[in-house]
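my_file.pdb (PDB, C-alpha atoms)
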```pdb
ATOM      1  CA  THR A   1      -4.924  16.015   5.721
ATOM      2  CA  ASN A   2      -2.559  16.343   8.645
ATOM      3  CA  ALA A   3      -3.574  19.366  10.723
ATOM      4  CA  SER A   4      -0.467  19.430  12.935
ATOM      5  CA  GLU A   5       2.458  21.704  12.127
ATOM      6  CA  PHE A   6       4.994  18.976  12.869
ATOM      7  CA  SER A   7       5.193  15.305  13.765
ATOM      8  CA  THR A   8       7.881  12.656  13.594
ATOM      9  CA  HIS A   9       7.887   8.903  14.122
ATOM     10  CA  VAL A  10      10.341   6.054  13.696
ATOM     11  CA  TYR A  11       8.537   3.166  12.011
ATOM     12  CA  ASP A  12       9.653  -0.448  11.944
ATOM     13  CA  TYR A  13       8.209  -3.603  10.420
ATOM     14  CA  ASN A  14       5.780  -4.073  13.327
ATOM     15  CA  ALA A  15       4.393  -0.540  13.168
ATOM     16  CA  TRP A  16       1.293   0.457  11.235
ATOM     17  CA  ASP A  17       1.993  -0.168   7.575
ATOM     18  CA  PHE A  18       1.435   2.712   5.155
ATOM     19  CA  ASN A  19       0.951   0.377   2.196
ATOM     20  CA  ALA A  20      -2.281   2.186   1.330
ATOM     21  CA  PRO A  21      -1.676   5.270  -0.839
ATOM     22  CA  HIS A  22      -2.347   8.461   1.090
ATOM     23  CA  PHE A  23      -1.588  12.173   0.950
ATOM     24  CA  HIS A  24      -1.564  15.222   3.197
ATOM     25  CA  LYS A  25      -1.092  18.957   3.122
ATOM     26  CA  ASN A  26       2.333  18.808   4.797
ATOM     27  CA  ILE A  27       5.778  18.078   3.387
ATOM     28  CA  GLU A  28       7.286  14.736   4.414
ATOM     29  CA  ILE A  29      10.869  13.523   4.617
ATOM     30  CA  LEU A  30      11.436   9.773   4.928
ATOM     31  CA  THR A  31      14.966   8.605   5.678
ATOM     32  CA  VAL A  32      16.129   5.059   6.324
ATOM     33  CA  VAL A  33      17.782   4.667   9.736
ATOM     34  CA  GLU A  34      18.681   1.021   9.166
ATOM     35  CA  GLY A  35      17.761  -1.744   6.746
ATOM     36  CA  ARG A  36      15.479  -1.154   3.772
ATOM     37  CA  CYS A  37      12.013   0.059   2.830
ATOM     38  CA  ARG A  38       9.898   0.483  -0.272
ATOM     39  CA  CYS A  39       8.347   3.882  -0.883
ATOM     40  CA  VAL A  40       6.003   4.764  -3.732
ATOM     41  CA  VAL A  41       5.666   8.468  -4.573
ATOM     42  CA  GLY A  42       3.228   9.217  -7.375
ATOM     43  CA  GLU A  43       4.091   6.750 -10.128
ATOM     44  CA  GLN A  44       7.665   6.087  -8.994
ATOM     45  CA  THR A  45       8.778   3.237  -6.721
ATOM     46  CA  TYR A  46      11.933   3.540  -4.620
ATOM     47  CA  ASP A  47      13.684   0.682  -2.827
ATOM     48  CA  LEU A  48      15.537   2.663  -0.202
ATOM     49  CA  GLN A  49      18.433   1.572   1.960
ATOM     50  CA  GLU A  50      20.279   3.085   4.893
ATOM     51  CA  GLY A  51      21.395   6.659   4.210
ATOM     52  CA  GLU A  52      18.871   7.314   1.420
ATOM     53  CA  ALA A  53      15.838   9.577   1.698
ATOM     54  CA  VAL A  54      12.793  10.893  -0.152
ATOM     55  CA  TYR A  55      11.327  14.401  -0.086
ATOM     56  CA  ILE A  56       7.551  14.266  -0.565
ATOM     57  CA  MET A  57       5.796  17.470  -1.575
ATOM     58  CA  PRO A  58       2.338  18.554  -0.329
ATOM     59  CA  PHE A  59      -0.531  16.536  -1.843
ATOM     60  CA  GLN A  60       1.754  13.954  -3.492
ATOM     61  CA  VAL A  61       0.188  10.506  -3.217
ATOM     62  CA  HIS A  62       2.594   8.080  -1.517
ATOM     63  CA  SER A  63       2.857   4.841   0.436
ATOM     64  CA  LEU A  64       5.504   3.129   2.580
ATOM     65  CA  HIS A  65       6.399  -0.443   3.479
ATOM     66  CA  VAL A  66       9.213  -1.033   5.995
ATOM     67  CA  ASP A  67      11.146  -4.306   5.661
ATOM     68  CA  GLU A  68      11.541  -6.637   8.632
ATOM     69  CA  GLY A  69      14.454  -5.633  10.861
ATOM     70  CA  SER A  70      14.464  -2.097   9.417
ATOM     71  CA  ALA A  71      13.614   1.368  10.718
ATOM     72  CA  VAL A  72      12.542   4.558   8.935
ATOM     73  CA  ARG A  73      12.380   8.088  10.370
ATOM     74  CA  CYS A  74       9.292   9.919   9.096
ATOM     75  CA  VAL A  75       9.179  13.697   9.505
ATOM     76  CA  ASN A  76       5.952  15.454   8.569
ATOM     77  CA  PHE A  77       5.912  19.262   8.648
ATOM     78  CA  SER A  78       4.129  22.385   7.465
ATOM     79  CA  GLU A  79       5.566  24.628   4.753
ATOM     80  CA  ASN A  80       5.399  27.404   7.364
ATOM     81  CA  LEU A  81       8.526  25.957   8.987
ATOM     82  CA  VAL A  82      10.573  26.277   5.763
ATOM     83  CA  LEU A  83       9.087  29.245   3.940
ATOM     84  CA  THR A  84      12.284  30.214   2.109
ATOM     85  CA  LEU A  85      12.796  26.645   0.895
ATOM     86  CA  SER A  86       9.157  26.297  -0.130
ATOM     87  CA  LYS A  87       9.362  29.492  -2.166
ATOM     88  CA  GLU A  88      12.351  28.066  -4.058
ATOM     89  CA  MET A  89      10.263  25.011  -5.031
ATOM     90  CA  GLU A  90       7.013  26.836  -5.761
ATOM     91  CA  GLY A  91       5.518  25.823  -9.109
ATOM     92  CA  ARG A  92       8.309  23.322  -9.788
ATOM     93  CA  LYS A  93       8.269  19.538  -9.907
ATOM     94  CA  ALA A  94      11.320  17.440  -9.090
ATOM     95  CA  GLY A  95      12.077  14.607 -11.504
ATOM     96  CA  THR A  96      12.548  12.298  -8.510
ATOM     97  CA  ALA A  97      11.740  12.421  -4.802
ATOM     98  CA  LEU A  98      14.885  10.407  -4.039
ATOM     99  CA  PHE A  99      17.987  12.125  -2.715
ATOM    100  CA  TYR A 100      21.229  11.175  -0.997
ATOM    101  CA  PRO A 101      21.999  13.340   2.031
ATOM    102  CA  SER A 102      25.675  13.683   2.871
ATOM    103  CA  ALA A 103      26.774  11.386   5.697
ATOM    104  CA  GLU A 104      27.381  14.415   7.937
ATOM    105  CA  ALA A 105      23.936  15.911   7.262
ATOM    106  CA  GLN A 106      22.242  12.544   7.771
ATOM    107  CA  ARG A 107      24.011  11.852  11.083
ATOM    108  CA  PHE A 108      23.270  15.369  12.373
ATOM    109  CA  PHE A 109      19.609  15.188  11.313
ATOM    110  CA  LEU A 110      18.916  11.778  12.861
ATOM    111  CA  ALA A 111      20.871  12.425  16.062
ATOM    112  CA  GLN A 112      19.128  15.754  16.684
ATOM    113  CA  MET A 113      15.681  14.333  15.890
ATOM    114  CA  ASN A 114      16.307  11.582  18.455
ATOM    115  CA  GLU A 115      17.561  14.026  21.054
ATOM    116  CA  LEU A 116      14.814  16.621  20.579
ATOM    117  CA  PHE A 117      11.766  14.446  19.872
ATOM    118  CA  GLY A 118      12.577  10.792  20.622
ATOM    119  CA  MET A 119      10.962   7.977  18.640
ATOM    120  CA  HIS A 120       7.509   9.565  18.464
ATOM    121  CA  PHE A 121       6.261  13.138  18.599
ATOM    122  CA  GLY A 122       3.031  14.544  17.250
ATOM    123  CA  GLY A 123      -0.678  14.816  17.792
ATOM    124  CA  SER A 124      -1.715  18.013  19.519
ATOM    125  CA  ARG A 125       1.663  18.643  21.145
ATOM    126  CA  GLN A 126       3.272  21.958  20.249
ATOM    127  CA  VAL A 127       6.999  22.357  19.657
ATOM    128  CA  GLU A 128       8.628  24.529  22.323
ATOM    129  CA  PRO A 129      10.100  27.812  20.947
ATOM    130  CA  LEU A 130      13.771  26.829  21.400
ATOM    131  CA  LYS A 131      13.217  23.363  19.934
ATOM    132  CA  ARG A 132      11.260  24.959  17.085
ATOM    133  CA  MET A 133      14.285  27.047  16.089
ATOM    134  CA  LYS A 134      16.497  23.965  16.121
ATOM    135  CA  LEU A 135      13.863  22.040  14.167
ATOM    136  CA  LYS A 136      13.829  24.685  11.419
ATOM    137  CA  GLY A 137      17.600  24.310  11.085
ATOM    138  CA  LEU A 138      17.273  20.536  10.711
ATOM    139  CA  LEU A 139      14.533  20.827   8.084
ATOM    140  CA  TYR A 140      16.509  23.395   6.105
ATOM    141  CA  THR A 141      19.585  21.158   6.298
ATOM    142  CA  MET A 142      17.791  18.197   4.708
ATOM    143  CA  GLY A 143      15.717  20.367   2.372
ATOM    144  CA  SER A 144      18.785  22.116   1.004
ATOM    145  CA  GLU A 145      20.438  18.720   0.401
ATOM    146  CA  PHE A 146      17.395  17.741  -1.666
ATOM    147  CA  LEU A 147      17.253  21.070  -3.490
ATOM    148  CA  GLU A 148      20.940  20.853  -4.375
ATOM    149  CA  GLN A 149      20.461  17.442  -6.023
ATOM    150  CA  ALA A 150      16.996  17.882  -7.555
ATOM    151  CA  GLU A 151      16.437  18.260 -11.278
ATOM    152  CA  PHE A 152      13.191  20.114 -11.824
ATOM    153  CA  LEU A 153      10.842  19.293 -14.685
ATOM    154  CA  PRO A 154       7.772  21.039 -16.069
ATOM    155  CA  ALA A 155       4.765  20.071 -13.946
ATOM    156  CA  GLY A 156       2.475  17.539 -15.613
ATOM    157  CA  GLY A 157       1.414  13.903 -15.790
ATOM    158  CA  SER A 158      -1.041  11.978 -13.630
ATOM    159  CA  ASN A 159       0.812  12.741 -10.399
ATOM    160  CA  ALA A 160       0.348  16.473 -11.009
ATOM    161  CA  ILE A 161      -3.334  15.821 -11.722
ATOM    162  CA  ALA A 162      -3.654  13.913  -8.436
ATOM    163  CA  MET A 163      -2.107  16.858  -6.600
ATOM    164  CA  ASP A 164      -4.574  19.189  -8.348
ATOM    165  CA  ILE A 165      -7.501  17.007  -7.264
ATOM    166  CA  VAL A 166      -6.549  16.693  -3.603
ATOM    167  CA  GLN A 167      -5.609  20.354  -3.303
ATOM    168  CA  TYR A 168      -9.025  21.326  -4.659
ATOM    169  CA  LEU A 169     -10.723  18.896  -2.253
ATOM    170  CA  SER A 170      -8.761  20.253   0.719
ATOM    171  CA  GLU A 171     -10.158  23.699  -0.069
ATOM    172  CA  GLN A 172     -13.716  22.610  -0.927
ATOM    173  CA  TYR A 173     -14.298  19.526   1.236
ATOM    174  CA  LYS A 174     -17.197  21.135   3.159
ATOM    175  CA  ASN A 175     -19.131  21.609  -0.086
ATOM    176  CA  ASP A 176     -20.932  19.029  -2.217
ATOM    177  CA  VAL A 177     -18.148  18.558  -4.778
ATOM    178  CA  SER A 178     -18.273  16.235  -7.783
ATOM    179  CA  LEU A 179     -15.469  15.066 -10.030
ATOM    180  CA  ARG A 180     -17.155  16.977 -12.850
ATOM    181  CA  ASP A 181     -16.870  20.153 -10.753
ATOM    182  CA  ILE A 182     -13.116  19.576 -10.420
ATOM    183  CA  ALA A 183     -12.761  18.860 -14.151
ATOM    184  CA  THR A 184     -14.500  22.143 -14.942
ATOM    185  CA  ALA A 185     -12.572  24.168 -12.354
ATOM    186  CA  LYS A 186      -9.188  22.770 -13.388
ATOM    187  CA  GLY A 187      -9.827  22.541 -17.130
ATOM    188  CA  TYR A 188      -9.575  18.735 -17.489
ATOM    189  CA  ASN A 189     -11.559  16.415 -19.721
ATOM    190  CA  TYR A 190     -14.036  14.693 -17.369
ATOM    191  CA  GLN A 191     -13.637  11.153 -18.805
ATOM    192  CA  TYR A 192      -9.834  11.398 -18.690
ATOM    193  CA  LEU A 193      -9.891  12.770 -15.140
ATOM    194  CA  SER A 194     -12.178   9.938 -14.018
ATOM    195  CA  ARG A 195      -9.802   7.296 -15.446
ATOM    196  CA  VAL A 196      -6.758   8.914 -13.827
ATOM    197  CA  PHE A 197      -8.514   9.227 -10.467
ATOM    198  CA  ASN A 198      -9.567   5.564 -10.375
ATOM    199  CA  LYS A 199      -6.100   4.407 -11.419
ATOM    200  CA  LEU A 200      -4.277   6.479  -8.803
ATOM    201  CA  PHE A 201      -6.600   6.093  -5.827
ATOM    202  CA  GLY A 202      -8.215   2.706  -6.465
ATOM    203  CA  VAL A 203     -11.643   3.969  -5.360
ATOM    204  CA  ASN A 204     -14.471   5.811  -7.040
ATOM    205  CA  PHE A 205     -14.750   9.530  -6.370
ATOM    206  CA  LYS A 206     -17.811   9.387  -4.107
TER     207      LYS A 206
END
```

Let me see the file written as structure tokens.
Amino acid sequence: TNASEFSTHVYDYNAWDFNAPHFHKNIEILTVVEGRCRCVVGEQTYDLQEGEAVYIMPFQVHSLHVDEGSAVRCVNFSENLVLTLSKEMEGRKAGTALFYPSAEAQRFFLAQMNELFGMHFGGSRQVEPLKRMKLKGLLYTMGSEFLEQAEFLPAGGSNAIAMDIVQYLSEQYKNDVSLRDIATAKGYNYQYLSRVFNKLFGVNFK
């Protein structure tokens, strides 16, 4: 999982390709700067174009492929930066990760990200206090656009199970954990959980 509080990168076709499904503890916003990209979040596939975005919750399995001649701004951040927003979404599952920021919000978000952080910012670098305040405003701007459009559904399905699995692993990864342990702790049928895990992650548990 991503240990940094915040990172952002603009990815193009030549950058490292996130075709492999992955997950992390942070929230992620992907927004298309120009061109197109394909983003898979859980079991849903989105062919995104300029002006469209996805809001990826902690521990949601996702992947990204950027088309040639395209660019995507990826913003990865801790829930600590948007505590009020996170509380609004606690225990709820959006029917879709896709949302359509207003043109004004999108322009403001992308322009300020470029001005404050450039094309790439992350690793061990800390956000300066003044920039951090501005960053919170930007994240709330995009998060509120998503929240305004989202239709929330009861949590469930294989994507929710995947989130359960990786959250448990993030808390217990130093211990000798088996899939049977997770099934017992989370109340799942072991055989069913094994099938879902292999389908979603494409690898065996060990």

Checklist entry - Could you spell out the hits of the PyMOL selection byres ((chain A and resi 5) around 9) on the shown file, as a ChimeraX atom specification? => result /A:2-4,6-7,26,76-81,122,126-127

Item to check | Residues near Ile165 of chain A, cut-off 9 Å, all atoms listed in the file, skip fewer than 3 positions along chain, as an MDAnalysis selection string | outcome: chainID A and resid 59 160:162 168:170 179 182:183 186 197

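Counting only C-alpha atoms and comparing A:Arg180, A:Lys87, A:Arg92, A:Arg132, the residue that lies closest to Leu153 of chain A is A:Arg92.
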
Item to check | Residues in the PyMOL selection byres ((chain A and resi 38-50) around 10), expressed as a PyMOL selection string | outcome: chain A and resi 18-19+21-23+30-37+51-57+59-67+70-72+95-98+157-160+162-163+200

Atoms to include: C-alpha atoms. Write the selected residues as a PDB file, in the coordinates of the input.
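Just written: selection31.pdb:
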```pdb
ATOM      1  CA  PHE A  18       1.435   2.712   5.155  1.00  0.00           C
ATOM      2  CA  ASN A  19       0.951   0.377   2.196  1.00  0.00           C
ATOM      3  CA  PRO A  21      -1.676   5.270  -0.839  1.00  0.00           C
ATOM      4  CA  HIS A  22      -2.347   8.461   1.090  1.00  0.00           C
ATOM      5  CA  PHE A  23      -1.588  12.173   0.950  1.00  0.00           C
ATOM      6  CA  LEU A  30      11.436   9.773   4.928  1.00  0.00           C
ATOM      7  CA  THR A  31      14.966   8.605   5.678  1.00  0.00           C
ATOM      8  CA  VAL A  32      16.129   5.059   6.324  1.00  0.00           C
ATOM      9  CA  VAL A  33      17.782   4.667   9.736  1.00  0.00           C
ATOM     10  CA  GLU A  34      18.681   1.021   9.166  1.00  0.00           C
ATOM     11  CA  GLY A  35      17.761  -1.744   6.746  1.00  0.00           C
ATOM     12  CA  ARG A  36      15.479  -1.154   3.772  1.00  0.00           C
ATOM     13  CA  CYS A  37      12.013   0.059   2.830  1.00  0.00           C
ATOM     14  CA  GLY A  51      21.395   6.659   4.210  1.00  0.00           C
ATOM     15  CA  GLU A  52      18.871   7.314   1.420  1.00  0.00           C
ATOM     16  CA  ALA A  53      15.838   9.577   1.698  1.00  0.00           C
ATOM     17  CA  VAL A  54      12.793  10.893  -0.152  1.00  0.00           C
ATOM     18  CA  TYR A  55      11.327  14.401  -0.086  1.00  0.00           C
ATOM     19  CA  ILE A  56       7.551  14.266  -0.565  1.00  0.00           C
ATOM     20  CA  MET A  57       5.796  17.470  -1.575  1.00  0.00           C
ATOM     21  CA  PHE A  59      -0.531  16.536  -1.843  1.00  0.00           C
ATOM     22  CA  GLN A  60       1.754  13.954  -3.492  1.00  0.00           C
ATOM     23  CA  VAL A  61       0.188  10.506  -3.217  1.00  0.00           C
ATOM     24  CA  HIS A  62       2.594   8.080  -1.517  1.00  0.00           C
ATOM     25  CA  SER A  63       2.857   4.841   0.436  1.00  0.00           C
ATOM     26  CA  LEU A  64       5.504   3.129   2.580  1.00  0.00           C
ATOM     27  CA  HIS A  65       6.399  -0.443   3.479  1.00  0.00           C
ATOM     28  CA  VAL A  66       9.213  -1.033   5.995  1.00  0.00           C
ATOM     29  CA  ASP A  67      11.146  -4.306   5.661  1.00  0.00           C
ATOM     30  CA  SER A  70      14.464  -2.097   9.417  1.00  0.00           C
ATOM     31  CA  ALA A  71      13.614   1.368  10.718  1.00  0.00           C
ATOM     32  CA  VAL A  72      12.542   4.558   8.935  1.00  0.00           C
ATOM     33  CA  GLY A  95      12.077  14.607 -11.504  1.00  0.00           C
ATOM     34  CA  THR A  96      12.548  12.298  -8.510  1.00  0.00           C
ATOM     35  CA  ALA A  97      11.740  12.421  -4.802  1.00  0.00           C
ATOM     36  CA  LEU A  98      14.885  10.407  -4.039  1.00  0.00           C
ATOM     37  CA  GLY A 157       1.414  13.903 -15.790  1.00  0.00           C
ATOM     38  CA  SER A 158      -1.041  11.978 -13.630  1.00  0.00           C
ATOM     39  CA  ASN A 159       0.812  12.741 -10.399  1.00  0.00           C
ATOM     40  CA  ALA A 160       0.348  16.473 -11.009  1.00  0.00           C
ATOM     41  CA  ALA A 162      -3.654  13.913  -8.436  1.00  0.00           C
ATOM     42  CA  MET A 163      -2.107  16.858  -6.600  1.00  0.00           C
ATOM     43  CA  LEU A 200      -4.277   6.479  -8.803  1.00  0.00           C
TER      44      LEU A 200
END
```

Checklist entry - Of the residues A:Val196, A:Val203, A:Leu147, A:Val75, which is the one nearest to Met119 of chain A, using only C-alpha atoms? => result A:Val75

Next on the checklist: What's around Ser144 of chain A at 12 Å? Count only C-alpha atoms, leave out sequence neighbours fewer than 5 positions away in its own chain, and write the answer as a PyMOL selection string.
Outcome noted: chain A and resi 55+82+84-86+88-89+99-102+105+136-139+149-150

Item to check | Minimum-distance residue to Ala94 of chain A, chosen among A:Leu116, A:Phe152, A:Tyr188, A:Lys174 (using only C-alpha atoms) | outcome: A:Phe152

Checklist entry - So how many Å separate atom CA of Met133 of chain A and atom CA of Lys25 of chain A, to one decimal? => result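 Atom-to-atom, atom CA of Met133 of chain A to atom CA of Lys25 of chain A, that is 21.7 Å.
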
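Compared by their closest atoms to Thr141 of chain A, and using all atoms listed in the file, the residues A:Glu171, A:Glu128, A:Asp176, A:Glu104 rank with A:Glu104 nearest.
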
Item to check | Nearest residue to Ala20 of chain A from the set A:Lys93, A:Phe108, A:Phe121, A:Phe201 (distances using only C-alpha atoms) | outcome: A:Phe201

Let me know the centre plus edge lengths, in Å and rounded to one decimal, of a box with edges along x, y and z that contains all listed atoms of segment 138-142 of chain A and is padded by 8 Å on every side, as AutoDock Vina command-line options.
```
--center_x 17.1 --center_y 20.8 --center_z 7.7 --size_x 21.1 --size_y 21.2 --size_z 22.0
```

Item to check | Point-to-point distance in Å for atom CA of Leu83 of chain A and atom CA of Ala111 of chain A | outcome: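 Spanning atom CA of Ala111 of chain A to atom CA of Leu83 of chain A is a straight-line distance of 23.8 Å.
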
Checklist entry - So which one's closest to Arg107 of chain A, A:Ser178, A:Gly69, A:Met142, A:Glu28? Using all atoms listed in the file, please. => result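 Nearest candidate to Arg107 of chain A out of A:Ser178, A:Gly69, A:Met142, A:Glu28: A:Met142.
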
Checklist entry - Between atom CA of Gln106 of chain A and atom CA of Arg125 of chain A, what is the spacing in Å? => result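 About the pair atom CA of Arg125 of chain A and atom CA of Gln106 of chain A: they are 25.3 Å apart.
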
Quick one: segment 42-63 of chain A with N, CA, C and O atoms, as a PDB file, in the first residue's frame?
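result.pdb, written as the output of this step:
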```pdb
ATOM      1  N   GLY A  42     -12.720  -2.348  -9.843  1.00  0.00           N
ATOM      2  CA  GLY A  42     -13.513  -3.507  -9.449  1.00  0.00           C
ATOM      3  C   GLY A  42     -13.902  -4.310 -10.675  1.00  0.00           C
ATOM      4  O   GLY A  42     -13.048  -4.739 -11.446  1.00  0.00           O
ATOM      5  N   GLU A  43     -15.191  -4.449 -10.906  1.00  0.00           N
ATOM      6  CA  GLU A  43     -15.672  -5.218 -12.060  1.00  0.00           C
ATOM      7  C   GLU A  43     -16.174  -4.322 -13.188  1.00  0.00           C
ATOM      8  O   GLU A  43     -16.731  -4.806 -14.159  1.00  0.00           O
ATOM      9  N   GLN A  44     -15.977  -3.009 -13.056  1.00  0.00           N
ATOM     10  CA  GLN A  44     -16.478  -2.079 -14.061  1.00  0.00           C
ATOM     11  C   GLN A  44     -15.334  -1.499 -14.888  1.00  0.00           C
ATOM     12  O   GLN A  44     -14.281  -1.146 -14.348  1.00  0.00           O
ATOM     13  N   THR A  45     -15.550  -1.402 -16.196  1.00  0.00           N
ATOM     14  CA  THR A  45     -14.564  -0.845 -17.117  1.00  0.00           C
ATOM     15  C   THR A  45     -15.069   0.490 -17.644  1.00  0.00           C
ATOM     16  O   THR A  45     -16.218   0.591 -18.087  1.00  0.00           O
ATOM     17  N   TYR A  46     -14.206   1.498 -17.603  1.00  0.00           N
ATOM     18  CA  TYR A  46     -14.573   2.839 -18.063  1.00  0.00           C
ATOM     19  C   TYR A  46     -13.617   3.276 -19.167  1.00  0.00           C
ATOM     20  O   TYR A  46     -12.397   3.250 -18.979  1.00  0.00           O
ATOM     21  N   ASP A  47     -14.172   3.661 -20.319  1.00  0.00           N
ATOM     22  CA  ASP A  47     -13.387   4.277 -21.375  1.00  0.00           C
ATOM     23  C   ASP A  47     -13.554   5.784 -21.229  1.00  0.00           C
ATOM     24  O   ASP A  47     -14.575   6.348 -21.634  1.00  0.00           O
ATOM     25  N   LEU A  48     -12.559   6.401 -20.635  1.00  0.00           N
ATOM     26  CA  LEU A  48     -12.654   7.811 -20.269  1.00  0.00           C
ATOM     27  C   LEU A  48     -12.087   8.707 -21.353  1.00  0.00           C
ATOM     28  O   LEU A  48     -11.114   8.367 -22.026  1.00  0.00           O
ATOM     29  N   GLN A  49     -12.687   9.880 -21.490  1.00  0.00           N
ATOM     30  CA  GLN A  49     -12.165  10.890 -22.399  1.00  0.00           C
ATOM     31  C   GLN A  49     -11.977  12.204 -21.646  1.00  0.00           C
ATOM     32  O   GLN A  49     -12.318  12.310 -20.472  1.00  0.00           O
ATOM     33  N   GLU A  50     -11.416  13.167 -22.339  1.00  0.00           N
ATOM     34  CA  GLU A  50     -11.072  14.445 -21.720  1.00  0.00           C
ATOM     35  C   GLU A  50     -12.255  15.030 -20.939  1.00  0.00           C
ATOM     36  O   GLU A  50     -13.382  15.064 -21.431  1.00  0.00           O
ATOM     37  N   GLY A  51     -11.987  15.434 -19.701  1.00  0.00           N
ATOM     38  CA  GLY A  51     -13.020  16.035 -18.863  1.00  0.00           C
ATOM     39  C   GLY A  51     -13.714  15.058 -17.945  1.00  0.00           C
ATOM     40  O   GLY A  51     -14.441  15.473 -17.049  1.00  0.00           O
ATOM     41  N   GLU A  52     -13.498  13.741 -18.140  1.00  0.00           N
ATOM     42  CA  GLU A  52     -14.123  12.740 -17.280  1.00  0.00           C
ATOM     43  C   GLU A  52     -13.133  12.268 -16.222  1.00  0.00           C
ATOM     44  O   GLU A  52     -11.912  12.407 -16.380  1.00  0.00           O
ATOM     45  N   ALA A  53     -13.663  11.723 -15.134  1.00  0.00           N
ATOM     46  CA  ALA A  53     -12.803  11.329 -14.015  1.00  0.00           C
ATOM     47  C   ALA A  53     -13.390  10.129 -13.294  1.00  0.00           C
ATOM     48  O   ALA A  53     -14.573   9.813 -13.444  1.00  0.00           O
ATOM     49  N   VAL A  54     -12.548   9.450 -12.506  1.00  0.00           N
ATOM     50  CA  VAL A  54     -13.008   8.388 -11.620  1.00  0.00           C
ATOM     51  C   VAL A  54     -12.492   8.672 -10.217  1.00  0.00           C
ATOM     52  O   VAL A  54     -11.418   9.243 -10.027  1.00  0.00           O
ATOM     53  N   TYR A  55     -13.303   8.274  -9.234  1.00  0.00           N
ATOM     54  CA  TYR A  55     -12.967   8.436  -7.819  1.00  0.00           C
ATOM     55  C   TYR A  55     -12.841   7.033  -7.242  1.00  0.00           C
ATOM     56  O   TYR A  55     -13.831   6.310  -7.123  1.00  0.00           O
ATOM     57  N   ILE A  56     -11.623   6.629  -6.898  1.00  0.00           N
ATOM     58  CA  ILE A  56     -11.338   5.266  -6.473  1.00  0.00           C
ATOM     59  C   ILE A  56     -11.154   5.243  -4.957  1.00  0.00           C
ATOM     60  O   ILE A  56     -10.296   5.942  -4.413  1.00  0.00           O
ATOM     61  N   MET A  57     -11.962   4.445  -4.294  1.00  0.00           N
ATOM     62  CA  MET A  57     -11.958   4.383  -2.840  1.00  0.00           C
ATOM     63  C   MET A  57     -10.790   3.525  -2.328  1.00  0.00           C
ATOM     64  O   MET A  57     -10.236   2.721  -3.078  1.00  0.00           O
ATOM     65  N   PRO A  58     -10.422   3.669  -1.051  1.00  0.00           N
ATOM     66  CA  PRO A  58      -9.356   2.829  -0.494  1.00  0.00           C
ATOM     67  C   PRO A  58      -9.642   1.337  -0.682  1.00  0.00           C
ATOM     68  O   PRO A  58     -10.769   0.901  -0.520  1.00  0.00           O
ATOM     69  N   PHE A  59      -8.610   0.609  -1.079  1.00  0.00           N
ATOM     70  CA  PHE A  59      -8.633  -0.847  -1.238  1.00  0.00           C
ATOM     71  C   PHE A  59      -9.469  -1.326  -2.423  1.00  0.00           C
ATOM     72  O   PHE A  59      -9.685  -2.527  -2.561  1.00  0.00           O
ATOM     73  N   GLN A  60      -9.946  -0.435  -3.286  1.00  0.00           N
ATOM     74  CA  GLN A  60     -10.612  -0.888  -4.508  1.00  0.00           C
ATOM     75  C   GLN A  60      -9.546  -1.333  -5.511  1.00  0.00           C
ATOM     76  O   GLN A  60      -8.586  -0.601  -5.778  1.00  0.00           O
ATOM     77  N   VAL A  61      -9.723  -2.505  -6.064  1.00  0.00           N
ATOM     78  CA  VAL A  61      -8.789  -3.012  -7.074  1.00  0.00           C
ATOM     79  C   VAL A  61      -9.038  -2.253  -8.376  1.00  0.00           C
ATOM     80  O   VAL A  61     -10.181  -2.107  -8.816  1.00  0.00           O
ATOM     81  N   HIS A  62      -7.958  -1.766  -9.011  1.00  0.00           N
ATOM     82  CA  HIS A  62      -8.121  -0.994 -10.243  1.00  0.00           C
ATOM     83  C   HIS A  62      -6.886  -1.109 -11.125  1.00  0.00           C
ATOM     84  O   HIS A  62      -5.820  -1.535 -10.689  1.00  0.00           O
ATOM     85  N   SER A  63      -7.052  -0.738 -12.381  1.00  0.00           N
ATOM     86  CA  SER A  63      -5.935  -0.708 -13.327  1.00  0.00           C
ATOM     87  C   SER A  63      -6.178   0.424 -14.319  1.00  0.00           C
ATOM     88  O   SER A  63      -7.297   0.932 -14.453  1.00  0.00           O
TER      89      SER A  63
END
```
